[in-house]
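*Asks:* Sharing a structure, written as structure tokens. Questions coming.
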Amino acid sequence: MVRIEFLGPIQKEPLELQITNLNELAKILQDDKEMQEWLTNSAVAVNDTLICSSNHELKDGDKVSLLPPVCGG
Amino acid sequence: MVRIEFLGPIQKEPLELQITNLNELAKILQDDKEMQEWLTNSAVAVNDTLICSSNHELKDGDKVSLLPPVCGG
Amino acid sequence: MLYLYDGALNVPNILKDWYEQEEKNNYGAFIPFVGTVRSEDEIDGLSFDLYEPILKSWFKAWQKKAEKKSAIIKMAHSRGDVMLHESSYIAAVFSPKRRAALEFINEFVEDFKASAPIWKYDLRNGNRIYAIDRSTAIKGSGILGDKK
Amino acid sequence: MLYLYDGALNVPNILKDWYEQEEKNNYGAFIPFVGTVRSEDEIDGLSFDLYEPILKSWFKAWQKKAEKKSAIIKMAHSRGDVMLHESSYIAAVFSPKRRAALEFINEFVEDFKASAPIWKYDLRNGNRIYAIDRSTAIKGSGILGDKK
């Protein structure tokens, strides 16, 4: 299982999914109307490292985090 | 009379001179061997305002200051 | 070092501590940047969420950059609510040289704004409203978006 | 405001005073630059001469520039001797906005180094030696030099 966490202002409970790469996650989340805008403006981290390609492979126990636009300071 | 002051590291007592512009001051100071390097690298203020031309006129009571290279901080 | 606090920062104390930690270490320049909550758009204050694991690795990468220039960086940030005229952020560089210090604090603060995983909310009439208009998508965002 | 002190600056106190003077005045960014005497070339410390009339008018011109950007500046500097690891200089900007503050402190400190009528001496074995190699001729210097 892969755990999906939604950070900051994304008001969504974590998911546990049986997926093997980020493209599969993209398809699942794109079906959720409330997620569509977050998907276009959020960055993705796997095990707390930012990832820049949706082809990234996932394995059992991985944690995927969605990071919406930031504004520290 | 015009008073000439030498600031910071220029080790020279103030002068009182009967002059009417900075060119006259330049000629007098150029005769002083110890002043020659200071003349090439010092800025000049008249009554505490920096001046950029040696044609600047002087009148009785004016104060001329020589400011050698600076390094604050 | 990275310091996270609940609520507003005690700016004089933090600056004193940091100065005293480094004053004998032969840094010629110390430049803190202090961010304070401004009264604008009728907010009562701001509130912050942080994601610590990525914040810490982001900061660690900057510590390494600083080390290469013989400099060090320190940062303090608030979690939760910070009211008007209170401070939520301090970043500081200590460097042997002035020029390098000025450049470094500039780059550090700009990247902080663009990349540090911190989310800002306006506090307004008891509500906590995500400040999306002032927020910046992290580089590489959108890889899960619809490609059609 | 311009503050001149005999000997080293008490950096924590000055930063605390300045912060508290302005904390309710709605400046989003406060950036001090602190200059500390480094141990190098076996000096025992530094010493400073200031020429106050022109220092004050130079500072006043920068206050006006700051005002045009809705910012304010403060500066503290030592007169006389400042020993190793003591601080001799603080410049600070308070500005509504981050970007303007970072640019302003940069320009201000660079012009300070090039123009402020302050002379620096190395203290070495009881001697006070003018630091001519690190000094900068003020813009417009040399008008009394030999034109031949």
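Residue numbers start at 1 in each chain; chains themselves are named A, B, ... in the order of the structure tokens; ligands are numbered from 1 in the order shown.
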Could you pull the residues within 12 Å of Gly72 of chain A, counting only C-alpha atoms, minus those fewer than 5 positions along the same chain, as a ChimeraX atom specification?
*Replies:* /A:8 /C:35-37,46-51,55,75-80,88-91,109-121,131-132,134-136,138
*Asks:* At a cut-off of 12 Å, using only C-alpha atoms, what residues contact Glu57 of chain A? Leave out same-chain residues fewer than 6 positions from it and give the result as an MDAnalysis selection string.
*Replies:* chainID A and resid 2 19:25 46 51 63:64
*Asks:* With N, CA, C and O atoms retained, write the just-selected residues as an mmCIF file, in the first residue's frame.
*Replies:*
```
data_model
loop_
_atom_site.group_PDB
_atom_site.id
_atom_site.type_symbol
_atom_site.label_atom_id
_atom_site.label_comp_id
_atom_site.auth_asym_id
_atom_site.auth_seq_id
_atom_site.Cartn_x
_atom_site.Cartn_y
_atom_site.Cartn_z
ATOM 1 N N VAL A 2 0.375 2.298 -0.677
ATOM 2 C CA VAL A 2 1.062 3.596 -0.703
ATOM 3 C C VAL A 2 0.151 4.599 0.004
ATOM 4 O O VAL A 2 -1.065 4.624 -0.235
ATOM 5 N N ILE A 19 -1.047 1.223 -5.673
ATOM 6 C CA ILE A 19 -0.620 1.778 -6.965
ATOM 7 C C ILE A 19 0.880 1.586 -7.117
ATOM 8 O O ILE A 19 1.586 1.372 -6.122
ATOM 9 N N THR A 20 1.361 1.659 -8.369
ATOM 10 C CA THR A 20 2.788 1.379 -8.614
ATOM 11 C C THR A 20 3.539 2.567 -9.210
ATOM 12 O O THR A 20 4.757 2.501 -9.370
ATOM 13 N N ASN A 21 2.793 3.613 -9.595
ATOM 14 C CA ASN A 21 3.504 4.818 -10.024
ATOM 15 C C ASN A 21 2.598 6.041 -9.893
ATOM 16 O O ASN A 21 1.388 5.910 -9.593
ATOM 17 N N LEU A 22 3.188 7.237 -10.116
ATOM 18 C CA LEU A 22 2.424 8.470 -9.902
ATOM 19 C C LEU A 22 1.342 8.671 -10.950
ATOM 20 O O LEU A 22 0.321 9.315 -10.684
ATOM 21 N N ASN A 23 1.527 8.113 -12.154
ATOM 22 C CA ASN A 23 0.474 8.242 -13.177
ATOM 23 C C ASN A 23 -0.829 7.600 -12.719
ATOM 24 O O ASN A 23 -1.915 8.137 -12.967
ATOM 25 N N GLU A 24 -0.719 6.473 -12.033
ATOM 26 C CA GLU A 24 -1.942 5.829 -11.521
ATOM 27 C C GLU A 24 -2.609 6.719 -10.478
ATOM 28 O O GLU A 24 -3.834 6.844 -10.425
ATOM 29 N N LEU A 25 -1.782 7.326 -9.633
ATOM 30 C CA LEU A 25 -2.335 8.243 -8.625
ATOM 31 C C LEU A 25 -3.035 9.425 -9.306
ATOM 32 O O LEU A 25 -4.135 9.829 -8.912
ATOM 33 N N VAL A 46 7.795 12.198 -2.797
ATOM 34 C CA VAL A 46 7.716 10.787 -2.427
ATOM 35 C C VAL A 46 8.740 10.578 -1.312
ATOM 36 O O VAL A 46 9.927 10.915 -1.479
ATOM 37 N N ILE A 51 9.550 15.379 -6.394
ATOM 38 C CA ILE A 51 9.658 14.558 -7.594
ATOM 39 C C ILE A 51 9.189 15.407 -8.773
ATOM 40 O O ILE A 51 8.214 16.135 -8.646
ATOM 41 N N LYS A 63 5.420 6.932 0.882
ATOM 42 C CA LYS A 63 4.507 8.017 1.261
ATOM 43 C C LYS A 63 4.558 9.093 0.182
ATOM 44 O O LYS A 63 5.646 9.572 -0.156
ATOM 45 N N VAL A 64 3.400 9.446 -0.354
ATOM 46 C CA VAL A 64 3.321 10.518 -1.359
ATOM 47 C C VAL A 64 2.655 11.727 -0.698
ATOM 48 O O VAL A 64 1.621 11.580 -0.049
#
```
*Asks:* Put chain B on top of chain A with a least-squares fit on all C-alpha atoms, paired in order, and send it back as a short mmCIF file (atom, residue, chain, number, x, y, z; two decimals) with N, CA and C atoms, in the first residue's frame.
*Replies:*
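Wrote selection39.cif, looks like this:
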```
data_model
loop_
_atom_site.label_atom_id
_atom_site.label_comp_id
_atom_site.auth_asym_id
_atom_site.auth_seq_id
_atom_site.Cartn_x
_atom_site.Cartn_y
_atom_site.Cartn_z
N MET B 1 0.85 -1.19 -0.02
CA MET B 1 0.01 0.02 -0.02
C MET B 1 0.87 1.28 -0.02
N VAL B 2 0.37 2.29 -0.69
CA VAL B 2 1.06 3.59 -0.70
C VAL B 2 0.15 4.60 -0.01
N ARG B 3 0.74 5.40 0.89
CA ARG B 3 -0.05 6.38 1.64
C ARG B 3 0.04 7.74 0.94
N ILE B 4 -1.12 8.40 0.78
CA ILE B 4 -1.15 9.70 0.13
C ILE B 4 -1.58 10.74 1.16
N GLU B 5 -0.77 11.78 1.35
CA GLU B 5 -1.10 12.83 2.32
C GLU B 5 -1.28 14.17 1.61
N PHE B 6 -2.23 14.94 2.08
CA PHE B 6 -2.56 16.23 1.47
C PHE B 6 -2.20 17.33 2.46
N LEU B 7 -1.24 18.19 2.09
CA LEU B 7 -0.67 19.12 3.08
C LEU B 7 -1.34 20.48 3.04
N GLY B 8 -1.10 21.25 4.11
CA GLY B 8 -1.55 22.63 4.19
C GLY B 8 -3.04 22.76 3.97
N PRO B 9 -3.43 23.63 3.03
CA PRO B 9 -4.85 23.97 2.89
C PRO B 9 -5.70 22.92 2.18
N ILE B 10 -5.11 21.85 1.66
CA ILE B 10 -5.94 20.84 1.00
C ILE B 10 -6.69 20.05 2.06
N GLN B 11 -7.99 20.24 2.11
CA GLN B 11 -8.78 19.63 3.18
C GLN B 11 -9.21 18.24 2.74
N LYS B 12 -8.32 17.29 2.86
CA LYS B 12 -8.66 15.94 2.42
C LYS B 12 -7.92 14.94 3.31
N GLU B 13 -8.64 13.93 3.74
CA GLU B 13 -8.04 12.89 4.58
C GLU B 13 -7.02 12.07 3.78
N PRO B 14 -6.02 11.52 4.45
CA PRO B 14 -5.03 10.67 3.75
C PRO B 14 -5.71 9.45 3.10
N LEU B 15 -5.09 8.96 2.03
CA LEU B 15 -5.59 7.76 1.34
C LEU B 15 -4.53 6.66 1.44
N GLU B 16 -5.00 5.39 1.38
CA GLU B 16 -4.08 4.26 1.25
C GLU B 16 -4.44 3.57 -0.06
N LEU B 17 -3.52 3.55 -1.02
CA LEU B 17 -3.85 3.05 -2.36
C LEU B 17 -2.87 1.95 -2.79
N GLN B 18 -3.39 1.06 -3.63
CA GLN B 18 -2.57 0.00 -4.21
C GLN B 18 -2.14 0.47 -5.60
N ILE B 19 -1.05 1.22 -5.70
CA ILE B 19 -0.61 1.78 -6.99
C ILE B 19 0.89 1.57 -7.13
N THR B 20 1.37 1.65 -8.38
CA THR B 20 2.79 1.39 -8.62
C THR B 20 3.53 2.58 -9.22
N ASN B 21 2.81 3.62 -9.60
CA ASN B 21 3.52 4.84 -10.02
C ASN B 21 2.60 6.05 -9.91
N LEU B 22 3.18 7.24 -10.11
CA LEU B 22 2.43 8.47 -9.89
C LEU B 22 1.34 8.67 -10.94
N ASN B 23 1.53 8.14 -12.17
CA ASN B 23 0.48 8.26 -13.18
C ASN B 23 -0.82 7.61 -12.72
N GLU B 24 -0.71 6.49 -12.04
CA GLU B 24 -1.93 5.85 -11.52
C GLU B 24 -2.60 6.73 -10.48
N LEU B 25 -1.77 7.34 -9.63
CA LEU B 25 -2.33 8.24 -8.63
C LEU B 25 -3.04 9.42 -9.31
N ALA B 26 -2.40 9.96 -10.36
CA ALA B 26 -2.99 11.10 -11.08
C ALA B 26 -4.38 10.74 -11.59
N LYS B 27 -4.51 9.56 -12.20
CA LYS B 27 -5.81 9.16 -12.74
C LYS B 27 -6.87 9.06 -11.66
N ILE B 28 -6.48 8.48 -10.51
CA ILE B 28 -7.46 8.34 -9.41
C ILE B 28 -7.89 9.72 -8.90
N LEU B 29 -6.90 10.60 -8.68
CA LEU B 29 -7.24 11.91 -8.10
C LEU B 29 -7.98 12.81 -9.08
N GLN B 30 -7.73 12.63 -10.38
CA GLN B 30 -8.42 13.47 -11.38
C GLN B 30 -9.93 13.21 -11.40
N ASP B 31 -10.35 12.07 -10.89
CA ASP B 31 -11.79 11.78 -10.82
C ASP B 31 -12.48 12.55 -9.70
N ASP B 32 -11.67 13.14 -8.80
CA ASP B 32 -12.23 13.89 -7.67
C ASP B 32 -12.30 15.36 -8.06
N LYS B 33 -13.51 15.86 -8.30
CA LYS B 33 -13.69 17.24 -8.77
C LYS B 33 -12.96 18.25 -7.87
N GLU B 34 -13.06 18.04 -6.55
CA GLU B 34 -12.48 19.01 -5.62
C GLU B 34 -10.95 19.04 -5.67
N MET B 35 -10.38 17.99 -6.27
CA MET B 35 -8.91 17.92 -6.32
C MET B 35 -8.34 18.54 -7.59
N GLN B 36 -9.19 18.84 -8.59
CA GLN B 36 -8.61 19.17 -9.90
C GLN B 36 -7.70 20.40 -9.88
N GLU B 37 -8.13 21.45 -9.17
CA GLU B 37 -7.26 22.63 -9.15
C GLU B 37 -5.97 22.35 -8.38
N TRP B 38 -6.12 21.63 -7.26
CA TRP B 38 -4.91 21.29 -6.47
C TRP B 38 -3.92 20.49 -7.31
N LEU B 39 -4.43 19.63 -8.18
CA LEU B 39 -3.50 18.80 -8.97
C LEU B 39 -2.65 19.67 -9.90
N THR B 40 -3.23 20.76 -10.40
CA THR B 40 -2.47 21.58 -11.34
C THR B 40 -1.45 22.48 -10.65
N ASN B 41 -1.67 22.79 -9.37
CA ASN B 41 -0.74 23.72 -8.74
C ASN B 41 0.05 23.13 -7.57
N SER B 42 -0.09 21.83 -7.33
CA SER B 42 0.64 21.23 -6.21
C SER B 42 1.89 20.49 -6.68
N ALA B 43 2.92 20.55 -5.85
CA ALA B 43 4.12 19.75 -6.07
C ALA B 43 3.92 18.40 -5.38
N VAL B 44 4.73 17.45 -5.76
CA VAL B 44 4.59 16.08 -5.24
C VAL B 44 5.91 15.62 -4.65
N ALA B 45 5.83 15.08 -3.44
CA ALA B 45 7.03 14.49 -2.82
C ALA B 45 6.77 13.01 -2.58
N VAL B 46 7.78 12.19 -2.79
CA VAL B 46 7.72 10.78 -2.42
C VAL B 46 8.73 10.57 -1.31
N ASN B 47 8.24 10.08 -0.18
CA ASN B 47 9.10 9.91 1.01
C ASN B 47 9.88 11.20 1.31
N ASP B 48 9.16 12.32 1.22
CA ASP B 48 9.68 13.65 1.56
C ASP B 48 10.76 14.18 0.63
N THR B 49 10.84 13.61 -0.56
CA THR B 49 11.72 14.17 -1.58
C THR B 49 10.87 14.63 -2.76
N LEU B 50 11.06 15.88 -3.20
CA LEU B 50 10.26 16.39 -4.31
C LEU B 50 10.58 15.64 -5.60
N ILE B 51 9.54 15.37 -6.37
CA ILE B 51 9.64 14.54 -7.58
C ILE B 51 9.17 15.38 -8.76
N CYS B 52 9.88 15.31 -9.90
CA CYS B 52 9.40 16.16 -11.02
C CYS B 52 8.86 15.38 -12.20
N SER B 53 8.71 14.06 -12.08
CA SER B 53 8.13 13.32 -13.21
C SER B 53 7.03 12.38 -12.71
N SER B 54 5.92 12.35 -13.46
CA SER B 54 4.81 11.49 -13.04
C SER B 54 5.09 10.02 -13.36
N ASN B 55 6.21 9.74 -14.02
CA ASN B 55 6.57 8.34 -14.28
C ASN B 55 7.23 7.66 -13.08
N HIS B 56 7.45 8.45 -12.03
CA HIS B 56 8.13 7.92 -10.84
C HIS B 56 7.44 6.65 -10.31
N GLU B 57 8.21 5.60 -10.12
CA GLU B 57 7.68 4.32 -9.61
C GLU B 57 7.43 4.40 -8.11
N LEU B 58 6.42 3.68 -7.66
CA LEU B 58 6.12 3.63 -6.22
C LEU B 58 6.19 2.19 -5.74
N LYS B 59 6.61 2.03 -4.50
CA LYS B 59 6.63 0.67 -3.95
C LYS B 59 5.88 0.64 -2.63
N ASP B 60 5.58 -0.55 -2.20
CA ASP B 60 4.83 -0.75 -0.96
C ASP B 60 5.49 0.03 0.19
N GLY B 61 4.69 0.79 0.94
CA GLY B 61 5.22 1.55 2.08
C GLY B 61 5.63 2.98 1.75
N ASP B 62 5.63 3.34 0.47
CA ASP B 62 5.99 4.72 0.11
C ASP B 62 4.94 5.70 0.62
N LYS B 63 5.41 6.93 0.88
CA LYS B 63 4.50 8.01 1.27
C LYS B 63 4.55 9.09 0.20
N VAL B 64 3.39 9.44 -0.34
CA VAL B 64 3.32 10.51 -1.35
C VAL B 64 2.65 11.72 -0.69
N SER B 65 3.28 12.92 -0.83
CA SER B 65 2.69 14.13 -0.25
C SER B 65 2.39 15.12 -1.36
N LEU B 66 1.22 15.77 -1.27
CA LEU B 66 0.88 16.85 -2.20
C LEU B 66 1.08 18.18 -1.50
N LEU B 67 1.91 19.06 -2.11
CA LEU B 67 2.23 20.35 -1.51
C LEU B 67 1.65 21.48 -2.36
N PRO B 68 0.59 22.10 -1.92
CA PRO B 68 -0.01 23.21 -2.67
C PRO B 68 0.89 24.46 -2.61
N PRO B 69 0.53 25.55 -3.33
CA PRO B 69 1.38 26.75 -3.36
C PRO B 69 1.70 27.28 -1.96
N VAL B 70 2.94 27.72 -1.78
CA VAL B 70 3.48 28.07 -0.46
C VAL B 70 3.62 29.59 -0.31
N CYS B 71 3.67 30.01 0.94
CA CYS B 71 3.90 31.42 1.22
C CYS B 71 4.38 31.57 2.66
N GLY B 72 5.66 31.31 2.88
CA GLY B 72 6.21 31.47 4.23
C GLY B 72 6.55 32.93 4.50
N GLY B 73 6.93 33.20 5.73
CA GLY B 73 7.47 34.53 6.06
C GLY B 73 6.49 35.42 6.76
#
```
*Asks:* Using only C-alpha atoms, pick whichever of D:Leu144, D:Val93, D:Ala100, D:Ile14 has the shortest atom-to-atom distance to Ile31 of chain D.
*Replies:*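 That would be D:Val93, the residue with the smallest distance to Ile31 of chain D.
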*Asks:* Once DSSP has gone over the backbone, tell me which residues of chain D are in alpha helix (DSSP H), as a tab-separated table (two decimals) with N, CA and C atoms, in the first residue's frame.
*Replies:*
```
chain	number	residue	atom	x	y	z
D	11	VAL	N	25.46	45.46	20.26
D	11	VAL	CA	24.57	45.06	19.16
D	11	VAL	C	23.21	44.57	19.65
D	12	PRO	N	23.13	43.65	20.62
D	12	PRO	CA	21.79	43.20	21.05
D	12	PRO	C	20.91	44.35	21.51
D	13	ASN	N	21.48	45.29	22.29
D	13	ASN	CA	20.66	46.41	22.78
D	13	ASN	C	20.18	47.31	21.66
D	14	ILE	N	21.08	47.60	20.73
D	14	ILE	CA	20.69	48.50	19.64
D	14	ILE	C	19.60	47.85	18.78
D	15	LEU	N	19.77	46.56	18.45
D	15	LEU	CA	18.76	45.89	17.63
D	15	LEU	C	17.41	45.84	18.36
D	16	LYS	N	17.47	45.59	19.65
D	16	LYS	CA	16.23	45.56	20.45
D	16	LYS	C	15.55	46.93	20.44
D	17	ASP	N	16.33	47.98	20.68
D	17	ASP	CA	15.76	49.34	20.69
D	17	ASP	C	15.12	49.66	19.34
D	18	TRP	N	15.85	49.39	18.27
D	18	TRP	CA	15.33	49.75	16.94
D	18	TRP	C	14.06	48.96	16.63
D	19	TYR	N	14.09	47.67	16.92
D	19	TYR	CA	12.91	46.83	16.66
D	19	TYR	C	11.70	47.37	17.42
D	20	GLU	N	11.92	47.68	18.69
D	20	GLU	CA	10.79	48.14	19.52
D	20	GLU	C	10.32	49.54	19.12
D	21	GLN	N	11.24	50.37	18.63
D	21	GLN	CA	10.82	51.70	18.15
D	21	GLN	C	9.84	51.59	16.99
D	22	GLU	N	9.99	50.57	16.17
D	22	GLU	CA	9.23	50.51	14.91
D	22	GLU	C	8.21	49.39	14.83
D	52	GLU	N	31.75	64.37	11.21
D	52	GLU	CA	30.30	64.37	11.44
D	52	GLU	C	29.48	65.26	10.52
D	53	PRO	N	29.92	66.50	10.20
D	53	PRO	CA	29.01	67.34	9.38
D	53	PRO	C	28.64	66.67	8.06
D	54	ILE	N	29.63	66.10	7.36
D	54	ILE	CA	29.31	65.50	6.05
D	54	ILE	C	28.67	64.13	6.23
D	55	LEU	N	29.05	63.41	7.29
D	55	LEU	CA	28.38	62.13	7.58
D	55	LEU	C	26.88	62.37	7.78
D	56	LYS	N	26.55	63.42	8.52
D	56	LYS	CA	25.14	63.70	8.78
D	56	LYS	C	24.39	64.12	7.52
D	57	SER	N	25.04	64.91	6.66
D	57	SER	CA	24.30	65.32	5.46
D	57	SER	C	24.18	64.15	4.48
D	58	TRP	N	25.22	63.29	4.42
D	58	TRP	CA	25.12	62.07	3.60
D	58	TRP	C	23.96	61.21	4.09
D	59	PHE	N	23.86	61.05	5.41
D	59	PHE	CA	22.80	60.20	5.97
D	59	PHE	C	21.42	60.81	5.70
D	60	LYS	N	21.33	62.13	5.82
D	60	LYS	CA	20.05	62.81	5.58
D	60	LYS	C	19.57	62.59	4.15
D	61	ALA	N	20.50	62.59	3.20
D	61	ALA	CA	20.12	62.35	1.80
D	61	ALA	C	19.55	60.93	1.65
D	62	TRP	N	20.12	59.96	2.36
D	62	TRP	CA	19.59	58.59	2.31
D	62	TRP	C	18.25	58.48	3.03
D	63	GLN	N	18.08	59.27	4.07
D	63	GLN	CA	16.76	59.26	4.73
D	63	GLN	C	15.67	59.72	3.77
D	64	LYS	N	16.00	60.72	2.96
D	64	LYS	CA	15.01	61.21	1.98
D	64	LYS	C	14.72	60.15	0.93
D	65	LYS	N	15.77	59.45	0.46
D	65	LYS	CA	15.56	58.37	-0.51
D	65	LYS	C	14.65	57.30	0.09
D	66	ALA	N	14.89	56.97	1.36
D	66	ALA	CA	14.09	55.94	2.02
D	66	ALA	C	12.64	56.38	2.11
D	67	GLU	N	12.45	57.63	2.49
D	67	GLU	CA	11.10	58.17	2.65
D	67	GLU	C	10.28	58.03	1.37
D	68	LYS	N	10.94	58.26	0.24
D	68	LYS	CA	10.23	58.13	-1.05
D	68	LYS	C	9.74	56.72	-1.28
D	98	ARG	N	9.31	43.27	1.42
D	98	ARG	CA	10.56	42.51	1.43
D	98	ARG	C	11.53	42.91	0.32
D	99	ARG	N	11.04	42.87	-0.92
D	99	ARG	CA	11.89	43.11	-2.08
D	99	ARG	C	12.58	44.47	-1.98
D	100	ALA	N	11.78	45.50	-1.69
D	100	ALA	CA	12.32	46.86	-1.58
D	100	ALA	C	13.34	46.94	-0.44
D	101	ALA	N	13.08	46.23	0.64
D	101	ALA	CA	13.98	46.27	1.79
D	101	ALA	C	15.33	45.65	1.44
D	102	LEU	N	15.31	44.51	0.78
D	102	LEU	CA	16.57	43.84	0.41
D	102	LEU	C	17.37	44.71	-0.55
D	103	GLU	N	16.70	45.30	-1.52
D	103	GLU	CA	17.42	46.17	-2.47
D	103	GLU	C	17.98	47.39	-1.75
D	104	PHE	N	17.19	47.94	-0.84
D	104	PHE	CA	17.60	49.19	-0.20
D	104	PHE	C	18.81	49.00	0.70
D	105	ILE	N	18.81	47.94	1.50
D	105	ILE	CA	19.95	47.74	2.42
D	105	ILE	C	21.23	47.53	1.61
D	106	ASN	N	21.09	46.84	0.50
D	106	ASN	CA	22.21	46.60	-0.40
D	106	ASN	C	22.81	47.90	-0.93
D	107	GLU	N	21.96	48.73	-1.51
D	107	GLU	CA	22.42	50.02	-2.06
D	107	GLU	C	22.98	50.91	-0.96
D	108	PHE	N	22.30	50.90	0.17
D	108	PHE	CA	22.73	51.78	1.27
D	108	PHE	C	24.12	51.39	1.77
D	109	VAL	N	24.33	50.09	2.00
D	109	VAL	CA	25.62	49.64	2.54
D	109	VAL	C	26.74	49.87	1.52
D	110	GLU	N	26.44	49.65	0.25
D	110	GLU	CA	27.48	49.88	-0.77
D	110	GLU	C	27.85	51.37	-0.84
D	111	ASP	N	26.86	52.24	-0.80
D	111	ASP	CA	27.18	53.66	-0.86
D	111	ASP	C	27.88	54.12	0.42
D	112	PHE	N	27.46	53.54	1.54
D	112	PHE	CA	28.16	53.83	2.80
D	112	PHE	C	29.66	53.58	2.67
D	113	LYS	N	29.98	52.39	2.10
D	113	LYS	CA	31.40	52.02	1.96
D	113	LYS	C	32.13	52.99	1.02
D	114	ALA	N	31.45	53.49	0.01
D	114	ALA	CA	32.09	54.33	-1.00
D	114	ALA	C	32.13	55.80	-0.63
D	115	SER	N	31.22	56.24	0.22
D	115	SER	CA	31.02	57.69	0.38
D	115	SER	C	31.04	58.23	1.79
```
*Asks:* List as a list in words the protein and nucleic acid residues near Arg38 of chain D, meaning an atom at most 12 Å away when only C-alpha atoms are counted, but skip any in the same chain fewer than 4 places from it.
*Replies:*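 Skipping anything fewer than 4 positions along the chain leaves Gly73 of chain B; Glu22, Glu23, Lys24, Asn25, Asn26, Tyr27, Gly28, Ala29, Phe30, Ser95, Pro96, Lys97 and Arg98 of chain C; Glu42, Ile43, Asp44, Gly45, Leu46, Val82, Met83, Leu84, His85, Glu86, Ser87, Ser88 and Asp122 of chain D.
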*Asks:* For the residues in the current selection, export C-alpha atoms as a PDB file, in the first residue's frame.
*Replies:*
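Now in again.pdb:
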```
ATOM      1  CA  GLY B  73      32.075  49.810   8.673  1.00  0.00           C
TER       2      GLY B  73
ATOM      3  CA  GLU C  22      28.655  33.652  16.643  1.00  0.00           C
ATOM      4  CA  GLU C  23      30.360  36.829  17.821  1.00  0.00           C
ATOM      5  CA  LYS C  24      33.737  35.168  18.457  1.00  0.00           C
ATOM      6  CA  ASN C  25      33.666  33.127  15.234  1.00  0.00           C
ATOM      7  CA  ASN C  26      35.232  35.750  12.993  1.00  0.00           C
ATOM      8  CA  TYR C  27      32.270  36.566  10.768  1.00  0.00           C
ATOM      9  CA  GLY C  28      32.617  40.131   9.533  1.00  0.00           C
ATOM     10  CA  ALA C  29      28.986  40.488   8.499  1.00  0.00           C
ATOM     11  CA  PHE C  30      25.728  39.438  10.188  1.00  0.00           C
ATOM     12  CA  SER C  95      29.658  35.557   6.538  1.00  0.00           C
ATOM     13  CA  PRO C  96      33.302  36.606   6.548  1.00  0.00           C
ATOM     14  CA  LYS C  97      32.591  39.243   3.900  1.00  0.00           C
ATOM     15  CA  ARG C  98      29.956  41.911   3.352  1.00  0.00           C
TER      16      ARG C  98
ATOM     17  CA  GLU D  42      47.362  39.985  12.864  1.00  0.00           C
ATOM     18  CA  ILE D  43      45.584  43.185  13.794  1.00  0.00           C
ATOM     19  CA  ASP D  44      44.556  43.833  17.407  1.00  0.00           C
ATOM     20  CA  GLY D  45      41.528  45.849  16.336  1.00  0.00           C
ATOM     21  CA  LEU D  46      40.418  48.791  14.232  1.00  0.00           C
ATOM     22  CA  VAL D  82      37.008  48.694  18.360  1.00  0.00           C
ATOM     23  CA  MET D  83      38.781  45.459  19.213  1.00  0.00           C
ATOM     24  CA  LEU D  84      38.663  42.019  17.556  1.00  0.00           C
ATOM     25  CA  HIS D  85      35.207  40.405  17.480  1.00  0.00           C
ATOM     26  CA  GLU D  86      33.531  43.610  18.572  1.00  0.00           C
ATOM     27  CA  SER D  87      31.097  45.385  16.240  1.00  0.00           C
ATOM     28  CA  SER D  88      31.574  48.866  14.809  1.00  0.00           C
ATOM     29  CA  ASP D 122      44.500  49.054  11.840  1.00  0.00           C
TER      30      ASP D 122
END
```
*Asks:* Which distance in Å separates atom CA of Leu2 of chain C and atom CA of Lys69 of chain C, to one decimal?
*Replies:*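 So the two atoms, atom CA of Leu2 of chain C and atom CA of Lys69 of chain C, lie 18.8 Å apart.
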*Asks:* Mind pulling up the distance from atom CA of Leu4 of chain D to atom CA of Ile73 of chain D?
*Replies:*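 So the two atoms, atom CA of Ile73 of chain D and atom CA of Leu4 of chain D, lie 14.6 Å apart.
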*Asks:* Go through chain A and collect every residue that DSSP, computed from the backbone, puts in strand (DSSP E or B); the answer should be as a list in words.
*Replies:* Val2, Arg3, Ile4, Glu5, Phe6, Leu15, Glu16, Leu17, Asn21, Ala43, Val44, Ala45, Val46, Thr49, Leu50, Ile51, Glu57, Lys63, Val64, Ser65, Leu66, Leu67 and Val70 of chain A
*Asks:* Between atom CA of Phe94 of chain C and atom CA of Phe33 of chain C, measure the distance and give it in Å to one decimal.
*Replies:*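 Interatomic distance, atom CA of Phe94 of chain C to atom CA of Phe33 of chain C: 11.8 Å.
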